[in-house]
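*Asks:* Data file target-v7.tsv (TSV, C-alpha atoms and all ligand atoms) is appended below.
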chain	number	residue	atom	x	y	z
A	11	MET	CA	115.72	23.58	132.51
A	12	ILE	CA	115.26	26.74	134.58
A	13	PHE	CA	115.45	30.11	132.85
A	14	LEU	CA	115.68	33.30	134.89
A	15	ILE	CA	114.86	36.64	133.26
A	16	GLY	CA	116.20	39.62	135.22
A	17	GLU	CA	119.72	39.63	136.61
A	18	GLY	CA	119.07	42.22	139.31
A	19	PHE	CA	119.38	42.06	143.09
A	20	LEU	CA	117.00	39.12	143.58
A	21	GLY	CA	117.88	37.35	140.33
A	22	GLN	CA	121.57	37.15	141.27
A	23	LYS	CA	120.73	35.65	144.66
A	24	ILE	CA	118.45	33.03	143.10
A	25	VAL	CA	121.24	31.98	140.73
A	26	SER	CA	123.75	31.56	143.57
A	27	VAL	CA	121.36	29.73	145.95
A	28	PHE	CA	120.28	27.32	143.19
A	29	LYS	CA	123.93	26.81	142.18
A	30	GLU	CA	124.78	25.78	145.78
A	31	LYS	CA	122.09	23.10	145.39
A	32	GLY	CA	123.65	21.90	142.14
A	33	ILE	CA	120.94	23.41	139.93
A	34	LYS	CA	122.00	25.40	136.92
A	35	VAL	CA	119.91	28.44	136.09
A	36	VAL	CA	120.30	29.97	132.62
A	37	THR	CA	119.92	33.73	132.84
A	38	ALA	CA	119.00	36.65	130.62
A	39	GLY	CA	118.94	40.34	131.38
A	40	ILE	CA	118.95	43.62	129.62
A	41	GLN	CA	122.70	43.91	130.12
A	42	GLY	CA	123.36	40.19	129.44
A	43	LYS	CA	125.65	39.87	132.48
A	44	GLU	CA	125.73	36.05	132.51
A	45	ASN	CA	124.26	34.11	129.57
A	46	TYR	CA	121.91	36.03	127.28
A	47	SER	CA	121.03	39.63	126.58
A	48	LEU	CA	117.26	40.15	126.49
A	49	ASP	CA	114.79	43.01	126.62
A	50	ILE	CA	111.38	41.62	127.62
A	51	THR	CA	109.62	44.33	125.60
A	52	ASP	CA	111.04	42.67	122.47
A	53	GLU	CA	108.66	39.78	121.83
A	54	GLN	CA	110.59	38.43	118.81
A	55	SER	CA	113.80	38.07	120.86
A	56	LEU	CA	111.83	36.22	123.54
A	57	ILE	CA	110.38	33.79	120.99
A	58	TYR	CA	113.82	33.27	119.48
A	59	LEU	CA	115.36	32.47	122.90
A	60	PHE	CA	112.51	30.17	123.92
A	61	LYS	CA	112.90	28.22	120.66
A	62	ASP	CA	116.52	27.71	121.58
A	63	LEU	CA	116.07	26.97	125.30
A	64	ASN	CA	112.56	25.49	125.58
A	65	PRO	CA	112.54	26.11	129.36
A	66	ASP	CA	110.44	24.02	131.76
A	67	ILE	CA	110.42	26.81	134.33
A	68	VAL	CA	110.75	30.58	133.84
A	69	LEU	CA	111.50	32.91	136.75
A	70	LEU	CA	110.59	36.52	135.92
A	71	SER	CA	112.40	38.97	138.20
A	72	ALA	CA	112.97	41.64	135.53
A	73	GLY	CA	111.20	44.95	135.65
A	74	ILE	CA	111.31	48.62	136.50
A	75	THR	CA	111.49	48.48	140.29
A	76	ASN	CA	112.22	52.13	141.01
A	77	VAL	CA	108.93	53.50	142.37
A	78	GLU	CA	109.75	57.12	141.53
A	79	LEU	CA	110.85	56.23	137.98
A	80	CYS	CA	107.55	54.39	137.43
A	81	GLU	CA	105.63	57.48	138.56
A	82	ALA	CA	107.70	59.85	136.41
A	83	ASP	CA	107.83	57.69	133.27
A	84	GLN	CA	104.56	55.80	133.27
A	85	GLN	CA	104.89	54.76	129.63
A	86	LYS	CA	108.20	53.03	130.36
A	87	ALA	CA	106.72	51.36	133.44
A	88	LEU	CA	103.78	50.12	131.35
A	89	ASP	CA	106.03	48.97	128.51
A	90	VAL	CA	108.29	46.89	130.75
A	91	ASN	CA	106.20	45.84	133.77
A	92	VAL	CA	102.95	45.21	131.92
A	93	GLU	CA	103.64	44.69	128.20
A	94	GLY	CA	106.96	42.95	128.94
A	95	THR	CA	105.18	40.63	131.38
A	96	ARG	CA	102.46	40.02	128.76
A	97	ASN	CA	105.16	38.95	126.28
A	98	VAL	CA	106.67	36.53	128.81
A	99	VAL	CA	103.21	35.12	129.66
A	100	ASP	CA	102.51	34.59	125.94
A	101	VAL	CA	105.74	32.68	125.30
A	102	CYS	CA	105.29	30.61	128.46
A	103	HIS	CA	101.83	29.70	127.20
A	104	ALA	CA	103.15	28.82	123.73
A	105	PHE	CA	106.07	26.74	125.06
A	106	ASP	CA	104.17	25.20	128.00
A	107	SER	CA	106.59	26.62	130.57
A	108	LYS	CA	105.74	27.20	134.23
A	109	LEU	CA	106.05	30.90	135.12
A	110	VAL	CA	107.18	32.22	138.50
A	111	PHE	CA	106.44	35.95	138.78
A	112	PHE	CA	107.72	38.25	141.53
A	113	SER	CA	105.24	40.81	142.75
A	114	SER	CA	105.14	43.33	145.55
A	115	ASP	CA	103.45	44.43	148.78
A	116	TYR	CA	102.81	47.70	146.86
A	117	VAL	CA	99.74	46.06	145.29
A	118	PHE	CA	98.07	47.10	148.58
A	119	GLY	CA	96.94	50.51	149.78
A	120	GLY	CA	98.63	50.32	153.18
A	121	ASN	CA	95.70	51.22	155.42
A	122	LYS	CA	95.79	48.12	157.58
A	123	GLY	CA	98.92	45.98	157.18
A	124	SER	CA	99.20	42.20	157.66
A	125	TYR	CA	97.60	41.70	154.24
A	126	THR	CA	96.72	38.13	153.29
A	127	GLU	CA	96.52	36.63	149.82
A	128	LYS	CA	92.74	36.98	150.07
A	129	ASP	CA	92.78	40.77	150.61
A	130	GLU	CA	91.68	42.97	147.72
A	131	VAL	CA	94.48	44.78	145.91
A	132	ASN	CA	94.34	48.57	145.94
A	133	PRO	CA	97.58	50.11	144.63
A	134	ILE	CA	98.14	53.79	145.36
A	135	ASN	CA	101.10	54.44	143.06
A	136	PHE	CA	101.91	53.64	139.45
A	137	TYR	CA	104.51	50.97	140.24
A	138	GLY	CA	101.88	49.15	142.33
A	139	GLN	CA	99.37	49.46	139.49
A	140	THR	CA	101.80	47.85	137.05
A	141	LYS	CA	102.46	44.97	139.47
A	142	VAL	CA	98.69	44.36	139.81
A	143	GLN	CA	98.35	44.31	136.02
A	144	GLY	CA	101.32	41.96	135.78
A	145	GLU	CA	99.76	39.60	138.34
A	146	LYS	CA	96.47	39.53	136.41
A	147	LEU	CA	98.27	38.60	133.19
A	148	VAL	CA	100.23	35.85	134.92
A	149	MET	CA	97.03	34.46	136.50
A	150	ASN	CA	95.77	33.69	132.97
A	151	LEU	CA	98.34	30.90	132.81
A	152	SER	CA	97.24	27.71	134.51
A	153	ASN	CA	100.84	26.80	135.41
A	154	HIS	CA	101.92	29.85	137.40
A	155	LEU	CA	103.29	30.87	140.76
A	156	ILE	CA	103.22	34.45	142.06
A	157	ALA	CA	105.53	35.35	144.96
A	158	ARG	CA	104.75	38.71	146.52
A	159	VAL	CA	107.86	39.99	148.26
A	160	SER	CA	108.46	43.18	150.22
A	161	THR	CA	111.51	45.46	150.75
A	162	LEU	CA	114.34	43.16	149.76
A	163	TYR	CA	117.59	43.08	151.72
A	164	GLY	CA	120.53	40.74	151.49
A	165	PHE	CA	124.11	40.45	150.32
A	166	ASN	CA	125.39	39.35	146.92
A	167	SER	CA	128.70	41.18	146.69
A	168	ASN	CA	130.32	44.45	147.65
A	169	GLU	CA	129.14	45.82	144.28
A	170	ASP	CA	125.44	45.55	145.23
A	171	LYS	CA	123.40	48.60	144.25
A	172	SER	CA	120.51	47.91	146.64
A	173	PHE	CA	119.12	50.32	149.24
A	174	PHE	CA	120.38	48.04	152.01
A	175	SER	CA	123.96	47.79	150.71
A	176	PHE	CA	124.09	51.55	150.15
A	177	ALA	CA	122.90	52.19	153.72
A	178	MET	CA	125.31	49.66	155.22
A	179	GLN	CA	128.23	51.26	153.40
A	180	LYS	CA	127.30	54.69	154.75
A	181	LEU	CA	126.93	53.41	158.32
A	182	LYS	CA	130.25	51.57	158.07
A	183	ASN	CA	131.85	54.89	157.04
A	184	ASN	CA	130.24	56.58	160.08
A	185	GLU	CA	127.99	58.67	157.84
A	186	SER	CA	124.37	59.38	158.80
A	187	ILE	CA	121.46	58.16	156.73
A	188	GLU	CA	117.77	58.98	156.68
A	189	ALA	CA	115.33	56.09	156.69
A	190	VAL	CA	111.55	56.14	156.51
A	191	ASN	CA	109.29	54.78	159.22
A	192	ILE	CA	106.79	53.41	156.69
A	193	VAL	CA	106.04	49.78	157.60
A	194	ASN	CA	106.28	46.71	155.37
A	195	SER	CA	107.85	43.24	155.63
A	196	PRO	CA	111.61	43.39	154.94
A	197	THR	CA	112.45	40.18	153.11
A	198	LEU	CA	115.80	38.40	152.98
A	199	THR	CA	116.64	37.57	149.35
A	200	ASP	CA	118.13	34.20	150.42
A	201	ASP	CA	114.74	33.26	151.92
A	202	VAL	CA	112.94	34.12	148.67
A	203	ALA	CA	115.37	31.94	146.71
A	204	GLU	CA	115.00	29.03	149.20
A	205	ALA	CA	111.21	29.40	149.22
A	206	VAL	CA	111.02	29.40	145.41
A	207	PHE	CA	113.24	26.30	145.33
A	208	LEU	CA	110.90	24.45	147.73
A	209	MET	CA	107.76	25.69	145.99
A	210	LEU	CA	109.08	24.42	142.66
A	211	GLU	CA	110.12	21.11	144.21
A	212	LYS	CA	106.60	20.63	145.62
A	213	ASP	CA	104.98	22.06	142.46
A	214	PHE	CA	103.04	24.80	144.26
A	215	LEU	CA	100.70	26.86	142.10
A	216	GLY	CA	99.02	30.23	142.66
A	217	LEU	CA	99.63	33.26	144.85
A	218	PHE	CA	101.86	33.33	147.94
A	219	HIS	CA	103.19	36.04	150.23
A	220	VAL	CA	106.92	35.29	150.48
A	221	ALA	CA	108.08	37.91	152.96
A	222	GLY	CA	109.90	38.48	156.23
A	223	SER	CA	108.15	37.15	159.33
A	224	ASN	CA	107.83	40.50	161.09
A	225	GLY	CA	106.58	43.83	159.80
A	226	CYS	CA	108.84	46.80	160.37
A	227	SER	CA	110.15	49.93	158.64
A	228	LYS	CA	113.42	50.60	156.84
A	229	TYR	CA	114.28	52.76	159.88
A	230	ASP	CA	113.78	49.77	162.23
A	231	LEU	CA	115.70	47.52	159.83
A	232	LEU	CA	118.74	49.81	159.83
A	233	VAL	CA	118.68	50.38	163.60
A	234	LYS	CA	118.65	46.59	164.07
A	235	ALA	CA	121.44	46.26	161.47
A	236	CYS	CA	123.54	48.73	163.51
A	237	LYS	CA	123.18	46.49	166.57
A	238	VAL	CA	124.15	43.33	164.64
A	239	PHE	CA	127.09	44.95	162.79
A	240	GLY	CA	128.30	47.16	165.65
A	241	PHE	CA	127.56	50.50	163.96
A	242	ASP	CA	126.35	53.63	165.78
A	243	SER	CA	122.53	53.51	165.56
A	244	SER	CA	122.23	57.28	166.17
A	245	LEU	CA	123.49	57.68	162.57
A	246	VAL	CA	120.08	56.40	161.38
A	247	LYS	CA	117.66	59.35	161.23
A	248	GLU	CA	113.96	58.53	161.29
A	249	VAL	CA	111.86	60.36	158.67
A	250	SER	CA	108.25	59.89	157.58
A	251	TRP	CA	108.81	61.05	154.00
A	252	VAL	CA	111.65	61.71	151.57
A	253	PRO	CA	111.61	65.25	150.09
A	254	GLY	CA	111.04	65.07	146.33
A	255	TRP	CA	109.07	61.82	146.36
A	256	LYS	CA	106.19	62.15	143.90
A	257	ALA	CA	104.70	58.66	144.26
A	258	LYS	CA	102.43	57.88	147.21
A	259	ARG	CA	103.64	55.14	149.57
A	260	PRO	CA	101.45	52.63	151.43
A	261	LEU	CA	101.88	53.45	155.14
A	262	ASN	CA	101.65	49.83	156.24
A	263	SER	CA	101.86	47.21	153.50
A	264	SER	CA	103.19	44.40	155.70
A	265	LEU	CA	102.30	40.92	154.45
A	266	ASP	CA	100.75	38.04	156.36
A	267	ILE	CA	102.76	34.89	155.59
A	268	THR	CA	100.58	32.29	157.33
A	269	LYS	CA	99.81	30.55	154.01
A	270	ILE	CA	103.42	29.83	153.13
A	271	GLN	CA	104.25	28.92	156.75
A	272	LEU	CA	101.40	26.38	156.76
A	273	HIS	CA	103.09	24.85	153.72
A	274	GLY	CA	106.21	24.31	155.84
A	275	ILE	CA	108.32	27.19	154.52
A	276	LYS	CA	110.28	29.24	157.05
A	277	MET	CA	110.86	32.94	156.53
A	278	SER	CA	113.38	34.84	158.69
A	279	SER	CA	112.64	37.66	161.06
A	280	VAL	CA	114.72	40.78	160.44
A	281	GLU	CA	117.00	39.86	163.34
A	282	GLU	CA	117.61	36.35	161.92
A	283	GLY	CA	118.12	37.74	158.42
A	284	LEU	CA	120.72	40.26	159.54
A	285	ILE	CA	122.69	37.60	161.41
A	286	LYS	CA	122.70	35.42	158.26
A	287	ILE	CA	124.04	38.35	156.22
A	288	LYS	CA	126.78	38.99	158.78
A	289	LYS	CA	127.92	35.36	158.48
A	290	GLN	CA	127.99	35.63	154.66
A	291	ILE	CA	130.02	38.84	154.72
A	292	ASN	CA	132.51	37.37	157.22
A	293	LYS	CA	133.05	34.20	155.14
B	1	LIG	N1	113.63	45.36	145.57
B	1	LIG	C1	112.59	45.34	146.37
B	1	LIG	O1	112.65	45.83	147.52
B	1	LIG	C2	111.31	44.71	145.91
B	1	LIG	C3	110.18	44.83	146.73
B	1	LIG	C4	108.97	44.25	146.30
B	1	LIG	C5	108.93	43.55	145.09
B	1	LIG	N2	110.04	43.48	144.31
B	1	LIG	C6	109.95	42.75	143.03
B	1	LIG	O2	110.95	41.74	142.99
B	1	LIG	C7	111.45	41.60	141.66
B	1	LIG	C8	112.97	41.67	141.66
B	1	LIG	O3	113.37	42.93	142.21
B	1	LIG	P1	114.91	43.35	142.30
B	1	LIG	O4	115.11	44.06	143.57
B	1	LIG	O5	115.79	42.21	141.96
B	1	LIG	O6	114.95	44.43	141.14
B	1	LIG	P2	116.21	44.97	140.32
B	1	LIG	O7	117.47	44.77	141.09
B	1	LIG	O8	115.84	46.34	139.89
B	1	LIG	O9	116.24	43.97	139.09
B	1	LIG	C9	115.36	44.10	138.01
B	1	LIG	C10	116.15	43.74	136.78
B	1	LIG	O10	115.30	43.88	135.62
B	1	LIG	C11	116.10	44.42	134.59
B	1	LIG	N3	115.26	45.02	133.55
B	1	LIG	C12	114.70	46.25	133.53
B	1	LIG	N4	114.03	46.42	132.37
B	1	LIG	C13	114.16	45.26	131.66
B	1	LIG	C14	113.73	44.82	130.39
B	1	LIG	N5	113.01	45.60	129.59
B	1	LIG	N6	114.07	43.58	129.97
B	1	LIG	C15	114.83	42.77	130.75
B	1	LIG	N7	115.29	43.13	131.97
B	1	LIG	C16	114.95	44.37	132.41
B	1	LIG	C17	116.98	45.43	135.29
B	1	LIG	O11	118.10	45.78	134.50
B	1	LIG	P3	118.81	47.22	134.71
B	1	LIG	O12	119.18	47.29	136.18
B	1	LIG	O13	119.95	47.16	133.81
B	1	LIG	O14	117.77	48.24	134.33
B	1	LIG	C18	117.37	44.66	136.54
B	1	LIG	O15	118.50	43.87	136.32
B	1	LIG	C19	110.75	42.66	140.83
B	1	LIG	O16	109.67	42.07	140.14
B	1	LIG	C20	110.21	43.66	141.85
B	1	LIG	O17	109.04	44.29	141.39
B	1	LIG	C21	111.23	44.03	144.70
Take the structure in the file and give it back as structure tokens.
*Replies:*
Amino acid sequence: MIFLIGEGFLGQKIVSVFKEKGIKVVTAGIQGKENYSLDITDEQSLIYLFKDLNPDIVLLSAGITNVELCEADQQKALDVNVEGTRNVVDVCHAFDSKLVFFSSDYVFGGNKGSYTEKDEVNPINFYGQTKVQGEKLVMNLSNHLIARVSTLYGFNSNEDKSFFSFAMQKLKNNESIEAVNIVNSPTLTDDVAEAVFLMLEKDFLGLFHVAGSNGCSKYDLLVKACKVFGFDSSLVKEVSWVPGWKAKRPLNSSLDITKIQLHGIKMSSVEEGLIKIKKQINK
């Protein structure tokens, strides 16, 4: 049985992609939107749920993902992203469950881009530090898979709270939006879900970059989205920094995905990803 912890932007997509394939995913999240309510910082609740569910596979997509919040409230970021991950690792060890952990391009410093799985990590903000610590904890389990993703975009529903959905709504309403020209590897959530499905099917283990096939910035992503969706691209204003940001950002944290491609997994370019989203919205 597959147990997903974290019913956020990516978690919801994984549930729907797996459902289309006839695979039920039992979910838990802090708000208990679907099946169970769970705070990963509460080890006793985790043990209690694992006793009940005894999952074969655990997908951990829960965490504090807001980079500025992690910088401002480092204790909370540590509690959830590090100690919460430690709790999940411990129960997976005790119950012999495989753990799939989602990490980030922000484990890198951003000086060179096209980072491979062999490159040394060098986080420059607190969020990145917590993801590195999370990865190290997960690596203690022999039966683990780590998927490093980058800026996620995709479509679940019109209620999405993601950066991408917010921007698309503004552009649709003919309102301008600022977007940074910092480069990473925008990643379609559907591709992450499909890749995880295949990696589980083939029993992959270890660390993989599971990201979009071309590096670009949020600015480039939104300009391309305007072309695909017929919005006015002059509404997208290119900026190099957002006033008020306290956390440093890697300037180019794009991910090399050769390893996963050599394993036969296809990841979309931004252009392909946007066209897929358009088809989903028009359905
Ligand atoms: N989004 C990106 O662009 C991006 C880029 C690189 C890597 N990642 C990684 O990908 C993974 C999924 O990201 P996402 O975009 O789906 O994030 P998300 O939408 O913020 O989802 C994270 C979920 O974790 C929940 N959560 C927070 N604290 C929790 C706790 N103590 N116990 C249980 N659940 C808790 C959140 O609930 P609330 O919303 O109610 O707080 C939220 O539902 C994360 O590991 C993230 O680090 C994301």
*Asks:* Tell me which protein, DNA and RNA residues are within 7 Å of segment 110-118 of chain A, counting only C-alpha atoms, leaving out same-chain ones fewer than 5 positions away, and put them as a list in words.
*Replies:*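 These residues fall inside the cut-off: Val68, Leu69, Leu70, Ser71, Val131, Asn132, Pro133, Gly138, Gln139, Lys141, Val142, His154, Leu155, Ile156, Ala157, Arg158, Val159, Ser160, Pro260, Ser263, Ser264 and Leu265 of chain A.
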*Asks:* Taking only C-alpha atoms and all ligand atoms into account, list the residues no farther than 6 Å from ligand LIG 1 (chain B), as a CSV table (one decimal) with C-alpha atoms, in the frame of the given file.
*Replies:*
chain,number,residue,atom,x,y,z
A,16,GLY,CA,116.2,39.6,135.2
A,17,GLU,CA,119.7,39.6,136.6
A,18,GLY,CA,119.1,42.2,139.3
A,19,PHE,CA,119.4,42.1,143.1
A,20,LEU,CA,117.0,39.1,143.6
A,21,GLY,CA,117.9,37.4,140.3
A,39,GLY,CA,118.9,40.3,131.4
A,40,ILE,CA,119.0,43.6,129.6
A,41,GLN,CA,122.7,43.9,130.1
A,48,LEU,CA,117.3,40.2,126.5
A,49,ASP,CA,114.8,43.0,126.6
A,50,ILE,CA,111.4,41.6,127.6
A,51,THR,CA,109.6,44.3,125.6
A,71,SER,CA,112.4,39.0,138.2
A,72,ALA,CA,113.0,41.6,135.5
A,73,GLY,CA,111.2,45.0,135.6
A,74,ILE,CA,111.3,48.6,136.5
A,75,THR,CA,111.5,48.5,140.3
A,90,VAL,CA,108.3,46.9,130.8
A,112,PHE,CA,107.7,38.2,141.5
A,113,SER,CA,105.2,40.8,142.8
A,114,SER,CA,105.1,43.3,145.6
A,159,VAL,CA,107.9,40.0,148.3
A,160,SER,CA,108.5,43.2,150.2
A,161,THR,CA,111.5,45.5,150.8
A,162,LEU,CA,114.3,43.2,149.8
*Asks:* Would you compute the distance between atom CA of Asp89 of chain A and atom CA of Phe13 of chain A? Give it in Å to one decimal.
*Replies:* 21.5 Å
*Asks:* Point out the residue among A:Ser47, A:Asn150, A:Asn184, A:Asn191 with the least atom-to-atom distance to Gly216 of chain A, counting all atoms listed in the file.
*Replies:* A:Asn150
*Asks:* Compile the contact shell of segment 241-248 of chain A as a compact mmCIF listing (two decimals) with C-alpha atoms, in the coordinates of the input: residues with an atom at most 10 Å away, counting only C-alpha atoms, same-chain residues fewer than 2 positions apart removed.
*Replies:*
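So part_4.txt came out as:
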# COMPACT_ATOMS: atom_id res chain seq x y z
CA ALA A 177 122.90 52.19 153.72
CA MET A 178 125.31 49.66 155.22
CA LYS A 180 127.30 54.69 154.75
CA LEU A 181 126.93 53.41 158.32
CA LYS A 182 130.25 51.57 158.07
CA ASN A 183 131.85 54.89 157.04
CA ASN A 184 130.24 56.58 160.08
CA GLU A 185 127.99 58.67 157.84
CA SER A 186 124.37 59.38 158.80
CA ILE A 187 121.46 58.16 156.73
CA GLU A 188 117.77 58.98 156.68
CA ALA A 189 115.33 56.09 156.69
CA VAL A 190 111.55 56.14 156.51
CA ASN A 191 109.29 54.78 159.22
CA ILE A 192 106.79 53.41 156.69
CA SER A 227 110.15 49.93 158.64
CA LYS A 228 113.42 50.60 156.84
CA TYR A 229 114.28 52.76 159.88
CA ASP A 230 113.78 49.77 162.23
CA LEU A 232 118.74 49.81 159.83
CA VAL A 233 118.68 50.38 163.60
CA LYS A 234 118.65 46.59 164.07
CA ALA A 235 121.44 46.26 161.47
CA CYS A 236 123.54 48.73 163.51
CA LYS A 237 123.18 46.49 166.57
CA VAL A 238 124.15 43.33 164.64
CA PHE A 239 127.09 44.95 162.79
CA SER A 250 108.25 59.89 157.58
CA TRP A 251 108.81 61.05 154.00
*Asks:* To one decimal place, how far is atom CA of Glu211 of chain A from atom CA of Leu59 of chain A in Å?
*Replies:* 24.7 Å
*Asks:* For Lys23 of chain A, work out the shell of residues within 7 Å, counting only C-alpha atoms and skipping chain neighbours fewer than 5 positions away, then give it as a PyMOL selection string.
*Replies:* chain A and resi 166+199-200+203
*Asks:* Calculated over all atoms listed in the file, which of the candidates A:Pro65, A:Pro253, A:Gly94, A:Gly222 has the smallest distance to Ile12 of chain A?
*Replies:* A:Pro65
*Asks:* Hey, what's within 8 Å of Ala257 of chain A if we count only C-alpha atoms and toss same-chain stuff fewer than 3 positions away? As a list in words, please?
*Replies:*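 Near neighbours after the sequence-gap exclusion: Val77, Glu78, Glu81, Asn135 and Phe136 of chain A.
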*Asks:* Interatomic distance between atom CA of Asn262 of chain A and atom CA of Gly123 of chain A?
*Replies:* 4.8 Å
*Asks:* Which residue gives the smallest distance to Val99 of chain A among A:Leu151, A:Ile291, A:Leu272, A:Leu56, with all atoms listed in the file counted?
*Replies:*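 For Val99 of chain A, the nearest of the given residues is A:Leu151.
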*Asks:* Using only C-alpha atoms, pick whichever of A:Thr95, A:Gln84, A:Ser223, A:Ser167 has the shortest atom-to-atom distance to Ser26 of chain A.
*Replies:* A:Ser167
*Asks:* Can you work out which one of A:Lys61, A:His219, A:Lys86, A:Lys146 has the shortest atom-to-atom distance to Ser107 of chain A, counting all atoms listed in the file?
*Replies:*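 Of the candidates, the smallest distance to Ser107 of chain A is held by A:Lys61.
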*Asks:* Between A:Leu88, A:Trp255, A:Asn97, A:Ile134, which one has atoms that come closest to Asn121 of chain A, using all atoms listed in the file?
*Replies:*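 Checking each candidate against Asn121 of chain A, we get A:Ile134 as the closest.
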*Asks:* Let me have the centre and edge lengths of the axis-aligned box enclosing all listed atoms of segment 126-138 of chain A with 3 Å padding on every side, in Å to one decimal, as AutoDock Vina command-line options.
*Replies:*
--center_x 98.1 --center_y 45.5 --center_z 146.4 --size_x 18.8 --size_y 23.8 --size_z 19.8
*Asks:* Export C-alpha atoms of segment 53-99 of chain A from the structure just given, as a PDB file, in the first residue's frame?
*Replies:*
ATOM      1  CA  GLU A  53       6.304  11.047  16.272  1.00  0.00           C
ATOM      2  CA  GLN A  54       3.641   9.229  18.335  1.00  0.00           C
ATOM      3  CA  SER A  55       0.926  10.008  15.760  1.00  0.00           C
ATOM      4  CA  LEU A  56       3.210   8.704  13.012  1.00  0.00           C
ATOM      5  CA  ILE A  57       3.813   5.440  14.881  1.00  0.00           C
ATOM      6  CA  TYR A  58       0.098   5.084  15.537  1.00  0.00           C
ATOM      7  CA  LEU A  59      -0.754   5.569  11.836  1.00  0.00           C
ATOM      8  CA  PHE A  60       1.993   3.224  10.645  1.00  0.00           C
ATOM      9  CA  LYS A  61       0.709   0.510  13.008  1.00  0.00           C
ATOM     10  CA  ASP A  62      -2.667   0.892  11.371  1.00  0.00           C
ATOM     11  CA  LEU A  63      -1.519   1.187   7.743  1.00  0.00           C
ATOM     12  CA  ASN A  64       1.794  -0.711   7.617  1.00  0.00           C
ATOM     13  CA  PRO A  65       2.686   0.956   4.281  1.00  0.00           C
ATOM     14  CA  ASP A  66       5.012  -0.672   1.743  1.00  0.00           C
ATOM     15  CA  ILE A  67       5.880   2.696   0.222  1.00  0.00           C
ATOM     16  CA  VAL A  68       5.854   6.161   1.807  1.00  0.00           C
ATOM     17  CA  LEU A  69       5.986   9.324  -0.305  1.00  0.00           C
ATOM     18  CA  LEU A  70       7.079  12.342   1.761  1.00  0.00           C
ATOM     19  CA  SER A  71       6.062  15.605   0.088  1.00  0.00           C
ATOM     20  CA  ALA A  72       5.226  17.453   3.324  1.00  0.00           C
ATOM     21  CA  GLY A  73       7.323  20.314   4.561  1.00  0.00           C
ATOM     22  CA  ILE A  74       7.786  24.042   4.894  1.00  0.00           C
ATOM     23  CA  THR A  75       8.404  25.021   1.281  1.00  0.00           C
ATOM     24  CA  ASN A  76       8.230  28.800   1.628  1.00  0.00           C
ATOM     25  CA  VAL A  77      11.865  29.929   1.357  1.00  0.00           C
ATOM     26  CA  GLU A  78      11.268  33.245   3.140  1.00  0.00           C
ATOM     27  CA  LEU A  79       9.352  31.565   5.987  1.00  0.00           C
ATOM     28  CA  CYS A  80      12.246  29.123   6.479  1.00  0.00           C
ATOM     29  CA  GLU A  81      14.677  32.047   6.723  1.00  0.00           C
ATOM     30  CA  ALA A  82      12.460  34.007   9.129  1.00  0.00           C
ATOM     31  CA  ASP A  83      11.438  31.092  11.360  1.00  0.00           C
ATOM     32  CA  GLN A  84      14.415  28.770  11.323  1.00  0.00           C
ATOM     33  CA  GLN A  85      13.214  26.793  14.334  1.00  0.00           C
ATOM     34  CA  LYS A  86       9.964  25.921  12.551  1.00  0.00           C
ATOM     35  CA  ALA A  87      11.887  24.987   9.397  1.00  0.00           C
ATOM     36  CA  LEU A  88      14.160  22.728  11.458  1.00  0.00           C
ATOM     37  CA  ASP A  89      11.255  21.197  13.367  1.00  0.00           C
ATOM     38  CA  VAL A  90       9.316  20.256  10.235  1.00  0.00           C
ATOM     39  CA  ASN A  91      11.874  19.790   7.443  1.00  0.00           C
ATOM     40  CA  VAL A  92      14.573  18.124   9.529  1.00  0.00           C
ATOM     41  CA  GLU A  93      13.049  16.676  12.714  1.00  0.00           C
ATOM     42  CA  GLY A  94       9.798  15.803  10.914  1.00  0.00           C
ATOM     43  CA  THR A  95      11.804  14.014   8.210  1.00  0.00           C
ATOM     44  CA  ARG A  96      13.828  12.241  10.931  1.00  0.00           C
ATOM     45  CA  ASN A  97      10.556  10.961  12.445  1.00  0.00           C
ATOM     46  CA  VAL A  98       9.376   9.654   9.073  1.00  0.00           C
ATOM     47  CA  VAL A  99      12.763   7.995   8.420  1.00  0.00           C
TER      48      VAL A  99
END
